[in-house]
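Peer 1: Questions regarding the structure given below will be posed in turn.
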Amino acid sequence: MKHDDFLEAYLQDRRKIVEEALERYLPGKDNEPRELHAAMHYSVFAGGKRLRPILCLASAEACAGDLAPVMPVACALELIHTYSLIHDDLPSMDNDDFRRGKPASHKVFGEATAILAGDALLTEAFTLLSRAEKIRLAAERRLAVIQEIALAAGAAGMVGGQALDIRTDQPAPEIAALTDRHRRKTGALILAAVKTGAIIAGAGDRRLSALAGYANHIGIAFQIADDILNVEGDERLMGKSTGSDAALGKVTYASLLGLETAKTQLAEEVWAATASIASFDARALPLRAIARFIMERKS
């Protein structure tokens with residue numbers, strides 16, 4: 001099977017099982033209050049690559065782990081990611097009217113309900129993570145997973161990165177500061193996805209370190225690719241408008257480095273990611289393929 005065919009089949013299969021699991025784990029949209037649950041379902045099932053849960057599963061596979069205890073964690077990561085997108089789209093944040101080709105949550109349900117839907121998804125994620133009957137792991141290992149994700153989602157990670165991203169009272173960042181910002185905003189949850197899959201699979205320190213290196217590089221690669229697509233992507237494929245970063249005066253890898261240098265940096269990050277897991281056997285093939293997918297994606 002060709003590389004592209006393998007990857008497409010793998011991503012399609014994993015997206016399917018993740019979405020089936022999300023349907024099982026998320027409270028029904030007819031639950032009261034109905035508008036809140038409808039808003040939660042609207043954003044969770046609006047499409048998307050499901051990259052973070054798939055990375056969690058692929059990391060466990062690379063460490064020869066059983067996927068059953070990983071699936072609730074993978075889904076919790078997707079709930080947290082979806083909450084962050086709902087809040088990012090708000091007028092007070094990135095002010096986007098569309099997400100994945102559909103009106104953003106606040107355009108459909110109003111800002112108040114969109115905020116509450118994001119809050120509910122974040123909380124639901126930790127409810128799921130704490131349920132011993134869903135995640136059949138020793139308490140110590142389950143606690144390590146919860147701590148990893150909590151740190152990635154909070155002020156030290158994703159939320160802190162977003163806070164840095166919206167500040168307008170600071171001078172334009174240099175490349176090191178921009179990278180630190182995006183290691184938090186974009187990279188932290190990707191790192192948590194890869195590490196928690198490995199933790200559940202029982203990976204030792206050496207493998208965890210290698211996978212962390214992989215995740216750190218693809219996290220930055222994903223952001224660089226996003227910045228490039230915001231300049232020259234196809235709006236029909238992306239499902240949202242391009243040029244918004246420039247319109248908002250945001251400093252990005254594309255604006256700071258220039259498009260060609262940003263593309264070179266993207267390729268270097270992907271190469272470094274795959275080099276980090278060079279010692280892994282064929283079970284890490286999905287991780288290697290995902291790194292290339294990040295570099296070549298069009299949406």
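Here, A, B, ... name the chains of the structure tokens in the order displayed, residue numbers run from 1 inside each chain, and ligands are numbered from 1 in the same displayed order.
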Which residues are near segment 158-167 of chain A? Cut-off 10 Å, only C-alpha atoms, ignore same chain within fewer than 3 positions. Put them as a PyMOL selection string.
Peer 2: chain A and resi 81+84+88+92-94+150-155+170-171+177-178+180-189+250-251
Peer 1: Can you list, as a ChimeraX atom specification, all residues belonging to segment 43-95 of chain A that DSSP tags as helix (DSSP H, G or I)?
Peer 2: /A:43-44,51-62,71-88
Peer 1: Only C-alpha atoms, please: the residues just picked out, written as an mmCIF file, in the first residue's frame.
Peer 2:
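As a result, again.cif now contains:
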data_model
loop_
_atom_site.group_PDB
_atom_site.id
_atom_site.type_symbol
_atom_site.label_atom_id
_atom_site.label_comp_id
_atom_site.auth_asym_id
_atom_site.auth_seq_id
_atom_site.Cartn_x
_atom_site.Cartn_y
_atom_site.Cartn_z
ATOM 1 C CA SER A 43 -19.319 21.850 17.818
ATOM 2 C CA VAL A 44 -18.100 18.354 18.716
ATOM 3 C CA LEU A 51 -5.785 14.835 15.222
ATOM 4 C CA ARG A 52 -5.295 14.887 18.996
ATOM 5 C CA PRO A 53 -7.262 11.729 19.792
ATOM 6 C CA ILE A 54 -5.683 9.969 16.824
ATOM 7 C CA LEU A 55 -2.208 10.931 18.062
ATOM 8 C CA CYS A 56 -3.099 9.551 21.484
ATOM 9 C CA LEU A 57 -4.139 6.241 19.937
ATOM 10 C CA ALA A 58 -1.126 6.122 17.595
ATOM 11 C CA SER A 59 1.269 6.763 20.464
ATOM 12 C CA ALA A 60 -0.207 3.868 22.439
ATOM 13 C CA GLU A 61 0.062 1.668 19.342
ATOM 14 C CA ALA A 62 3.722 2.627 18.900
ATOM 15 C CA MET A 71 -10.158 5.688 23.956
ATOM 16 C CA PRO A 72 -11.808 7.644 26.822
ATOM 17 C CA VAL A 73 -8.624 9.706 27.184
ATOM 18 C CA ALA A 74 -8.492 10.327 23.432
ATOM 19 C CA CYS A 75 -12.102 11.528 23.511
ATOM 20 C CA ALA A 76 -11.477 13.756 26.533
ATOM 21 C CA LEU A 77 -8.679 15.438 24.579
ATOM 22 C CA GLU A 78 -11.069 16.110 21.707
ATOM 23 C CA LEU A 79 -13.641 17.634 24.073
ATOM 24 C CA ILE A 80 -10.985 19.970 25.459
ATOM 25 C CA HIS A 81 -9.816 20.881 21.961
ATOM 26 C CA THR A 82 -13.389 21.606 20.869
ATOM 27 C CA TYR A 83 -13.999 23.822 23.889
ATOM 28 C CA SER A 84 -10.884 25.806 22.978
ATOM 29 C CA LEU A 85 -12.127 26.311 19.411
ATOM 30 C CA ILE A 86 -15.531 27.570 20.595
ATOM 31 C CA HIS A 87 -13.852 30.128 22.830
ATOM 32 C CA ASP A 88 -11.176 31.058 20.271
#
Peer 1: Expressed in Å to a single decimal, how great is the separation between atom CA of Leu266 of chain A and atom CA of Leu7 of chain A?
Peer 2: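 The value is 19.6 Å.
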Peer 1: Would you list the contacts of Phe109 of chain A as JSON, numbers by chain, taking every protein, DNA or RNA residue within 12 Å and counting only C-alpha atoms, but skipping same-chain residues closer than 4 positions in sequence?
Peer 2: {"A": [34, 35, 36, 37, 38, 39, 40, 41, 42, 43, 86, 90, 103, 104, 105, 113, 114, 115, 116, 117]}
Peer 1: How would the residues just chosen look if you wrote them out with N, CA and C atoms as a tab-separated table (two decimals), in the first residue's frame?
Peer 2:
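Just written: out03.tsv:
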chain	number	residue	atom	x	y	z
A	34	ARG	N	-31.55	21.84	27.08
A	34	ARG	CA	-31.42	21.34	25.72
A	34	ARG	C	-30.53	22.22	24.84
A	35	GLU	N	-30.68	23.54	24.97
A	35	GLU	CA	-29.87	24.41	24.10
A	35	GLU	C	-28.39	24.24	24.39
A	36	LEU	N	-28.04	24.08	25.66
A	36	LEU	CA	-26.64	23.88	26.03
A	36	LEU	C	-26.11	22.58	25.42
A	37	HIS	N	-26.85	21.49	25.58
A	37	HIS	CA	-26.38	20.21	25.05
A	37	HIS	C	-26.38	20.20	23.52
A	38	ALA	N	-27.33	20.90	22.91
A	38	ALA	CA	-27.33	21.01	21.45
A	38	ALA	C	-26.08	21.75	20.97
A	39	ALA	N	-25.70	22.80	21.70
A	39	ALA	CA	-24.50	23.56	21.34
A	39	ALA	C	-23.24	22.72	21.50
A	40	MET	N	-23.19	21.92	22.53
A	40	MET	CA	-22.05	21.02	22.74
A	40	MET	C	-21.92	20.04	21.57
A	41	HIS	N	-23.03	19.42	21.22
A	41	HIS	CA	-23.02	18.46	20.11
A	41	HIS	C	-22.69	19.15	18.78
A	42	TYR	N	-23.24	20.35	18.59
A	42	TYR	CA	-23.01	21.07	17.33
A	42	TYR	C	-21.51	21.21	17.05
A	43	SER	N	-20.75	21.61	18.05
A	43	SER	CA	-19.32	21.85	17.82
A	43	SER	C	-18.51	20.56	17.81
A	86	ILE	N	-14.34	26.75	20.35
A	86	ILE	CA	-15.53	27.57	20.59
A	86	ILE	C	-15.13	28.92	21.19
A	90	LEU	N	-14.78	33.38	19.54
A	90	LEU	CA	-15.60	34.46	20.10
A	90	LEU	C	-15.09	35.84	19.65
A	103	PRO	N	-21.12	27.93	10.46
A	103	PRO	CA	-21.12	29.09	11.37
A	103	PRO	C	-20.57	28.69	12.75
A	104	ALA	N	-19.74	29.56	13.31
A	104	ALA	CA	-19.19	29.30	14.63
A	104	ALA	C	-20.31	29.19	15.66
A	105	SER	N	-20.02	28.54	16.77
A	105	SER	CA	-21.04	28.28	17.79
A	105	SER	C	-21.76	29.56	18.23
A	113	THR	N	-24.39	31.18	25.35
A	113	THR	CA	-24.51	29.73	25.27
A	113	THR	C	-23.22	29.11	24.73
A	114	ALA	N	-22.56	29.78	23.80
A	114	ALA	CA	-21.29	29.27	23.28
A	114	ALA	C	-20.24	29.18	24.39
A	115	ILE	N	-20.16	30.21	25.21
A	115	ILE	CA	-19.22	30.20	26.33
A	115	ILE	C	-19.54	29.04	27.28
A	116	LEU	N	-20.82	28.88	27.60
A	116	LEU	CA	-21.22	27.82	28.51
A	116	LEU	C	-20.99	26.43	27.90
A	117	ALA	N	-21.20	26.30	26.60
A	117	ALA	CA	-20.93	25.02	25.94
A	117	ALA	C	-19.45	24.66	26.03
Peer 1: Quick one: everything within 8 Å of Lys263 of chain A, counting only C-alpha atoms, minus sequence neighbours fewer than 3 positions away in the same chain. Send it as a compact mmCIF listing (two decimals) with C-alpha atoms, in the first residue's frame.
Peer 2:
# COMPACT_ATOMS: atom_id res chain seq x y z
CA ILE A 224 3.62 26.88 11.10
CA ALA A 225 1.40 25.04 8.63
CA ILE A 228 1.06 29.39 5.98
CA LEU A 259 6.57 32.37 3.51
CA GLU A 260 9.55 30.56 1.99
CA LEU A 266 8.09 23.51 8.67
CA ALA A 267 10.05 20.82 6.81
Peer 1: From the DSSP assignment of the backbone, select every residue of segment 58-265 of chain A that is strand (DSSP E or B), and format the answer as a VMD selection string.
Peer 2: chain A and resid 98 to 99 102 to 103
Peer 1: For C-alpha atoms, I'd like the residues from the last selection saved as a compact mmCIF listing (two decimals), in the first residue's frame.
Peer 2:
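Dumped to result-v5.txt:
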# COMPACT_ATOMS: atom_id res chain seq x y z
CA PHE A 98 -16.92 30.21 10.69
CA ARG A 99 -15.34 26.99 11.89
CA LYS A 102 -20.04 26.04 9.36
CA PRO A 103 -21.12 29.09 11.37
Peer 1: Taking into account only C-alpha atoms, which residue in the set A:Ile218, A:Leu11, A:Ala275, A:Ile290 is nearest to Leu191 of chain A?
Peer 2: A:Ile218
Peer 1: Just how far from atom CA of Asp66 of chain A is atom CA of Ile135 of chain A, in Å to one decimal?
Peer 2: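 Atom CA of Asp66 of chain A lies 11.7 Å from atom CA of Ile135 of chain A.
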